[in-house]
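Since the structure comes first, as structure tokens, the remarks are kept for the end.
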Amino acid sequence: MYYNNIKLVTSISTITTNYVTPLSTDILTTENPFTARVLRVFYGKFLSLFNDTFPTPLCRAKTISIPRGVKRAIERLPKNILNRIDKNKDIAVEKCLIMVSNLTSTIFKENDEGYKCLSSKILHKQLKKGNKNTYNYTHVLNALMYGAYPIIECKRNKKNRETYQSGVASKQYKLTDKFHEKDLTTYKLKNPDSISKRKQLILEKQKEAKKNPIGKNLLSVYGRITIPSNEEIIKHGKELIKQGYKTKKGKQLSSLNKKPKKHYKDRENRSFIEDSIKKFKHLTSHGYMTPIIGDSKSGGRVFDSFNLMPSWIRELCLIDGEKIVELDFTALHPNIAISIYGGKIKYLTHQDVAKSLGKEIKEVKREHLAFFNKNPKHMKKSILFNYYKKNEPKMLNKILQDKTRNGYKSTSRLLFKKEVDIMSEVIEKLNREDIYVLYVYDALYCKESDSDRVKEVMDKTRKDHGVFTCVK
């Protein structure tokens with residue numbers, strides 16, 4: 001099935017520390033659109049049949065997305081290594097490919113060096129032999145890390161030990177660097193047992209999304225979206241480059257101009273439009289990923305194709321053929337922290353903090369994204385620490401005590417939870433008025449014609465939750 005030149009699909013990206021599985025898409029396009037009416041029929045009759053736990057197209061549960069060259073590298077592994085997975089070489093190779101597909105999206109990650117946590121529980125479901133309670137996934141991991149030129153690698157600590165903390169964090173993996181520059185390709189699963197397990201996982205995740213107000217909204221708005229063409233993205237990207245555009249992470253938007261990245265000495269400070277387009281295609285080529293509901297560590301944040309894509313591309317999308325506008329809360333997390341921990345300041349802004357500290361607004365914004373998620377010793381090294389120590393000493397002390405008693409991430413969990421509660425309530429109210437939006441954590445994207453009403457609902461809802469900020 002098709003809509004706006006894309007196939008309608010689901011896929012998953014791993015965001016939380018408990019459960020990780022990537023987006024499964026392909027770099028294919030089609031020109032067979034179908035009407036919104038057909039889309040509604042499709043959703044009504046078939047949507048409940050599908051769900052997923054790793055990259056999974058709604059209408060093609062047999063498909064996974066992997067970098068080129070991975071399959072060949074796996075097929076060249078020693079026979080005795082593959083035999084531990086399965087005596088049938090084809091099945092052994094396919095199970096390795098499924099594992100790799102869980103890490104495909106690591107080639108797009110910038111934070112934490114691109115590593116992702118993998119849940120042993122999920123891997124066991126994916127890769128066990130039939131209904132046998134054998135932990136086959138360990139053999140798959142060992143095969144992919146075998147030899148001098150492994151396909152994946154596990155994150156290690158300063159003592160060169162694999163990172164793991166029982167009940168806190170799973171081991172973290174990523175594709176090795178040699179696959180990061182490769183194009184993505186599609187592999188069709190052939191093993192009936194793997195396909196069956198995949199379909200079961202698809203169903204579970206689809207049900208989760210439909211029960212969640214944010215996920216349900218996203219499933220409803222997808223059929224109304226028109227995504228930009230490759231040509232439109234390139235043209236917009238070149239215009240932004242001329243304007244000196246920087247991403248929210250402060251990276252200069254640039255073009256490779258058919259040169260390798262190593263040509264640019266300051267490549268760590270650049271964001272290349274070619275990488276952005278590759279990520280965009282990964283998120284949308286087969287359609288949109290099923291909204292993924294985060295666990296308690298993320299406060300229940302929801303992740304999908306649109307909040308994971310580069311913002312400068314997202315702004316080109318249309319809803320009902322109409323341009324979209326972004327509406328977000330000003331300094332939401334600092335103001336939520338003030339509401340939770342009993343601070344005195346109302347309507348705190350990044351501008352106020354920047355002026356007080358004599359810093360650039362962008363620097364303050366970036367630091368606020370991480371400040372409340374830091375452990376106490378790192379908070380004290382932050383440019384923001386002295387501001388809160390001077391202006392909100394009691395609140396800051398409560399936060400430090402909370403982190404000491406309940407772990408340093410306890411504060412961010414509370415902030416995420418309240419953010420999600422506010423956004424869920426806003427979205428439910430808007431949906432009752434037949435207004436559907438794109439969700440980007442503390443911001444919403446809506447049609448220009450709906451912007452006044454969306455802003456009004458957002459403003460009233462944050463007041464009801466006792467958070468003093470404003471919508472811009």
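Just remember, in the structure tokens the first chain shown is A, the second B, etc., residues are 1-based per chain, and ligands are 1-based in the order shown.
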Polymer residues at most 10 Å from Arg84 (chain A), only C-alpha atoms, same-chain spacing of 4 or more positions, as number ranges by chain: A: 79-80, 92, 136, 138-140, 142-143
Contacts of region 87-170 of chain A with region 307-319 of chain A up to 12 Å, shortest pair per row, only C-alpha atoms, as a Markdown table:
| residue | atom | partner | partner_atom | distance |
| --- | --- | --- | --- | --- |
| A:Ser105 | CA | A:Leu308 | CA | 10.6 |
| A:Phe108 | CA | A:Leu308 | CA | 10.1 |
| A:Lys109 | CA | A:Leu308 | CA | 10.3 |
Preceding selection exported with all heavy atoms as a compact mmCIF listing (two decimals), in the first residue's frame:
# COMPACT_ATOMS: atom_id res chain seq x y z
N SER A 105 20.23 1.46 13.03
CA SER A 105 20.08 2.89 13.30
C SER A 105 21.25 3.47 14.08
O SER A 105 21.35 4.69 14.23
CB SER A 105 18.78 3.17 14.05
OG SER A 105 18.76 2.50 15.28
N PHE A 108 23.35 6.29 12.63
CA PHE A 108 22.86 7.67 12.62
C PHE A 108 23.04 8.36 13.96
O PHE A 108 22.85 9.57 14.06
CB PHE A 108 21.38 7.71 12.26
CG PHE A 108 21.07 7.10 10.93
CD1 PHE A 108 20.34 5.92 10.85
CD2 PHE A 108 21.50 7.69 9.76
CE1 PHE A 108 20.05 5.35 9.63
CE2 PHE A 108 21.22 7.12 8.53
CZ PHE A 108 20.49 5.95 8.46
N LYS A 109 23.38 7.62 15.00
CA LYS A 109 23.46 8.21 16.33
C LYS A 109 24.74 8.98 16.54
O LYS A 109 25.81 8.56 16.13
CB LYS A 109 23.34 7.11 17.40
CG LYS A 109 21.95 6.50 17.51
CD LYS A 109 21.79 5.74 18.80
CE LYS A 109 21.73 6.68 19.99
NZ LYS A 109 21.47 5.97 21.27
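Closest approach to Lys463 (chain A) from the set A:Phe329, A:Phe303, A:Tyr187, A:Tyr135 is made by A:Phe329, with distances taken over only C-alpha atoms.
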Region 231-444 of chain A: residues DSSP assigns to strand (DSSP E), reported as a VMD selection string: chain A and resid 252 to 254 270 to 272 292 to 293 302 to 303 318 to 319 322 to 328 438 to 440 443 to 444
Which of region 88-169 of chain A DSSP labels helix (DSSP H, G or I), written as an MDAnalysis selection string: chainID A and resid 89:101 104:108 111:114 120:127 137:144
Two-atom distance - CA of Cys154 (chain A), CA of Ile91 (chain A) (Å):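 Spanning CA of Cys154 (chain A) to CA of Ile91 (chain A) is a straight-line distance of 23.7 Å.
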Shell of 8 Å around Pro291 (chain A), only C-alpha atoms, local chain residues under 6 positions omitted, as a PDB file with all heavy atoms, in the first residue's frame:
ATOM      1  N   ILE A  12      10.898   0.122  14.490  1.00  0.00           N
ATOM      2  CA  ILE A  12      11.184   0.549  15.843  1.00  0.00           C
ATOM      3  C   ILE A  12      12.606   1.032  16.017  1.00  0.00           C
ATOM      4  O   ILE A  12      13.502   0.527  15.396  1.00  0.00           O
ATOM      5  CB  ILE A  12      10.927  -0.588  16.829  1.00  0.00           C
ATOM      6  CG1 ILE A  12      11.306  -0.137  18.233  1.00  0.00           C
ATOM      7  CG2 ILE A  12      11.710  -1.815  16.473  1.00  0.00           C
ATOM      8  CD1 ILE A  12      10.851  -1.086  19.280  1.00  0.00           C
ATOM      9  N   ALA A 209       1.018   0.982  20.953  1.00  0.00           N
ATOM     10  CA  ALA A 209       0.882   2.307  20.342  1.00  0.00           C
ATOM     11  C   ALA A 209      -0.567   2.764  20.321  1.00  0.00           C
ATOM     12  O   ALA A 209      -0.868   3.934  20.570  1.00  0.00           O
ATOM     13  CB  ALA A 209       1.456   2.298  18.924  1.00  0.00           C
ATOM     14  N   GLY A 215       0.575   7.970  20.794  1.00  0.00           N
ATOM     15  CA  GLY A 215       0.717   7.002  19.714  1.00  0.00           C
ATOM     16  C   GLY A 215      -0.519   6.921  18.845  1.00  0.00           C
ATOM     17  O   GLY A 215      -0.431   6.854  17.613  1.00  0.00           O
ATOM     18  N   LEU A 218      -0.651   9.865  16.528  1.00  0.00           N
ATOM     19  CA  LEU A 218       0.307   9.753  15.430  1.00  0.00           C
ATOM     20  C   LEU A 218      -0.194   8.797  14.356  1.00  0.00           C
ATOM     21  O   LEU A 218      -0.071   9.075  13.163  1.00  0.00           O
ATOM     22  CB  LEU A 218       1.667   9.301  15.972  1.00  0.00           C
ATOM     23  CG  LEU A 218       2.397  10.338  16.833  1.00  0.00           C
ATOM     24  CD1 LEU A 218       3.603   9.729  17.521  1.00  0.00           C
ATOM     25  CD2 LEU A 218       2.815  11.541  15.998  1.00  0.00           C
ATOM     26  N   LEU A 219      -0.766   7.686  14.766  1.00  0.00           N
ATOM     27  CA  LEU A 219      -1.304   6.749  13.786  1.00  0.00           C
ATOM     28  C   LEU A 219      -2.411   7.408  12.959  1.00  0.00           C
ATOM     29  O   LEU A 219      -2.586   7.098  11.779  1.00  0.00           O
ATOM     30  CB  LEU A 219      -1.855   5.507  14.488  1.00  0.00           C
ATOM     31  CG  LEU A 219      -0.815   4.571  15.115  1.00  0.00           C
ATOM     32  CD1 LEU A 219      -1.503   3.476  15.917  1.00  0.00           C
ATOM     33  CD2 LEU A 219       0.097   3.963  14.068  1.00  0.00           C
ATOM     34  N   VAL A 302       7.354   9.217  23.587  1.00  0.00           N
ATOM     35  CA  VAL A 302       7.026   8.424  22.401  1.00  0.00           C
ATOM     36  C   VAL A 302       7.987   8.796  21.284  1.00  0.00           C
ATOM     37  O   VAL A 302       8.308   9.970  21.086  1.00  0.00           O
ATOM     38  CB  VAL A 302       5.566   8.671  21.962  1.00  0.00           C
ATOM     39  CG1 VAL A 302       5.223   7.852  20.723  1.00  0.00           C
ATOM     40  CG2 VAL A 302       4.612   8.317  23.110  1.00  0.00           C
ATOM     41  N   PHE A 303       8.434   7.791  20.547  1.00  0.00           N
ATOM     42  CA  PHE A 303       9.413   8.004  19.482  1.00  0.00           C
ATOM     43  C   PHE A 303       8.841   7.508  18.159  1.00  0.00           C
ATOM     44  O   PHE A 303       8.263   6.425  18.087  1.00  0.00           O
ATOM     45  CB  PHE A 303      10.705   7.272  19.810  1.00  0.00           C
ATOM     46  CG  PHE A 303      11.226   7.589  21.184  1.00  0.00           C
ATOM     47  CD1 PHE A 303      10.894   6.791  22.268  1.00  0.00           C
ATOM     48  CD2 PHE A 303      12.022   8.697  21.409  1.00  0.00           C
ATOM     49  CE1 PHE A 303      11.349   7.086  23.545  1.00  0.00           C
ATOM     50  CE2 PHE A 303      12.483   9.008  22.675  1.00  0.00           C
ATOM     51  CZ  PHE A 303      12.136   8.204  23.747  1.00  0.00           C
ATOM     52  N   ASP A 304       9.013   8.311  17.121  1.00  0.00           N
ATOM     53  CA  ASP A 304       8.514   7.892  15.808  1.00  0.00           C
ATOM     54  C   ASP A 304       9.374   8.493  14.707  1.00  0.00           C
ATOM     55  O   ASP A 304      10.389   9.144  14.971  1.00  0.00           O
ATOM     56  CB  ASP A 304       7.037   8.268  15.646  1.00  0.00           C
ATOM     57  CG  ASP A 304       6.828   9.723  15.235  1.00  0.00           C
ATOM     58  OD1 ASP A 304       7.648  10.586  15.633  1.00  0.00           O
ATOM     59  OD2 ASP A 304       5.841  10.003  14.536  1.00  0.00           O
ATOM     60  N   SER A 305       8.970   8.271  13.461  1.00  0.00           N
ATOM     61  CA  SER A 305       9.774   8.718  12.319  1.00  0.00           C
ATOM     62  C   SER A 305       9.991  10.220  12.301  1.00  0.00           C
ATOM     63  O   SER A 305      11.031  10.701  11.835  1.00  0.00           O
ATOM     64  CB  SER A 305       9.095   8.304  11.005  1.00  0.00           C
ATOM     65  OG  SER A 305       9.090   6.912  10.856  1.00  0.00           O
TER      66      SER A 305
END
From A:Lys447, A:Glu367, A:Phe179, A:Lys344, residue lying nearest Leu396 (chain A) [only C-alpha atoms]: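 So, comparing all the options, the nearest one is A:Lys344.
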Straight-line distance linking CA of Ser424 (chain A) with CA of Lys398 (chain A), stated in Å to one decimal: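 So the two atoms, CA of Ser424 (chain A) and CA of Lys398 (chain A), lie 27.3 Å apart.
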Where does region 259-323 of chain A meet region 409-412 of chain A within 10 Å, residue by residue, with the nearest atom pair and distance in Å to one decimal for each, counting only C-alpha atoms, listed by chain and rising number, as a tab-separated table?
residue	atom	partner	partner_atom	distance
A:Lys297	CA	A:Lys409	CA	8.1
A:Ser298	CA	A:Ser412	CA	8.0
A:Gly299	CA	A:Ser412	CA	8.2
Using the selection just defined, write its residues with N, CA, C and O atoms as a PDB file, in the first residue's frame.
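result18.pdb written:
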ATOM      1  N   LYS A 297      12.078   5.066  32.335  1.00  0.00           N
ATOM      2  CA  LYS A 297      13.323   5.837  32.325  1.00  0.00           C
ATOM      3  C   LYS A 297      13.213   7.071  31.430  1.00  0.00           C
ATOM      4  O   LYS A 297      13.896   8.064  31.634  1.00  0.00           O
ATOM      5  N   SER A 298      12.355   6.986  30.408  1.00  0.00           N
ATOM      6  CA  SER A 298      12.158   8.139  29.522  1.00  0.00           C
ATOM      7  C   SER A 298      10.869   8.873  29.863  1.00  0.00           C
ATOM      8  O   SER A 298      10.464   9.780  29.132  1.00  0.00           O
ATOM      9  N   GLY A 299      10.225   8.478  30.959  1.00  0.00           N
ATOM     10  CA  GLY A 299       8.981   9.116  31.368  1.00  0.00           C
ATOM     11  C   GLY A 299       7.814   8.787  30.463  1.00  0.00           C
ATOM     12  O   GLY A 299       6.771   9.431  30.528  1.00  0.00           O
TER      13      GLY A 299
END
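Between Asp459 (chain A) and the residues A:Lys389, A:Ser194, A:Leu327, A:Ile338, the shortest atom-to-atom distance, using only C-alpha atoms, involves A:Leu327.
We find CA of Lys281 (chain A) and CA of Lys265 (chain A) to be spaced 26.9 Å apart.
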Residues near Asn373 (chain A), cut-off 12 Å, only C-alpha atoms, skip fewer than 3 positions along chain, as a VMD selection string: chain A and resid 297 to 298 333 to 334 337 367 to 370 376 to 379 382 399 to 400 402 to 403 407 to 416
For Cys117 (chain A), the nearest of the candidates A:Thr163, A:Ser220, A:Asn335, A:Thr469, counting only C-alpha atoms: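 For Cys117 (chain A), the nearest of the given residues is A:Thr163.
Near Lys380 (chain A), within 10 Å and counting only C-alpha atoms, sit Phe371, Lys374, Asn375, Phe385, Asn386 and Lys389 of chain A, not including residues fewer than 5 positions from it in the same chain.
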Residue selection dump (N, CA and C atoms) as a compact mmCIF listing (two decimals), in the first residue's frame:
# COMPACT_ATOMS: atom_id res chain seq x y z
N PHE A 371 21.42 19.37 31.89
CA PHE A 371 21.72 19.74 33.27
C PHE A 371 21.00 18.87 34.31
N LYS A 374 22.22 15.16 34.82
CA LYS A 374 23.60 14.90 35.23
C LYS A 374 23.66 14.42 36.68
N ASN A 375 24.76 13.73 37.00
CA ASN A 375 24.95 13.38 38.40
C ASN A 375 25.45 14.63 39.14
N PHE A 385 25.03 25.77 37.19
CA PHE A 385 24.97 25.46 38.62
C PHE A 385 24.93 26.72 39.48
N ASN A 386 25.80 27.66 39.21
CA ASN A 386 25.85 28.87 40.03
C ASN A 386 24.57 29.70 39.91
N LYS A 389 22.12 27.94 42.12
CA LYS A 389 22.59 28.06 43.50
C LYS A 389 22.28 29.43 44.07
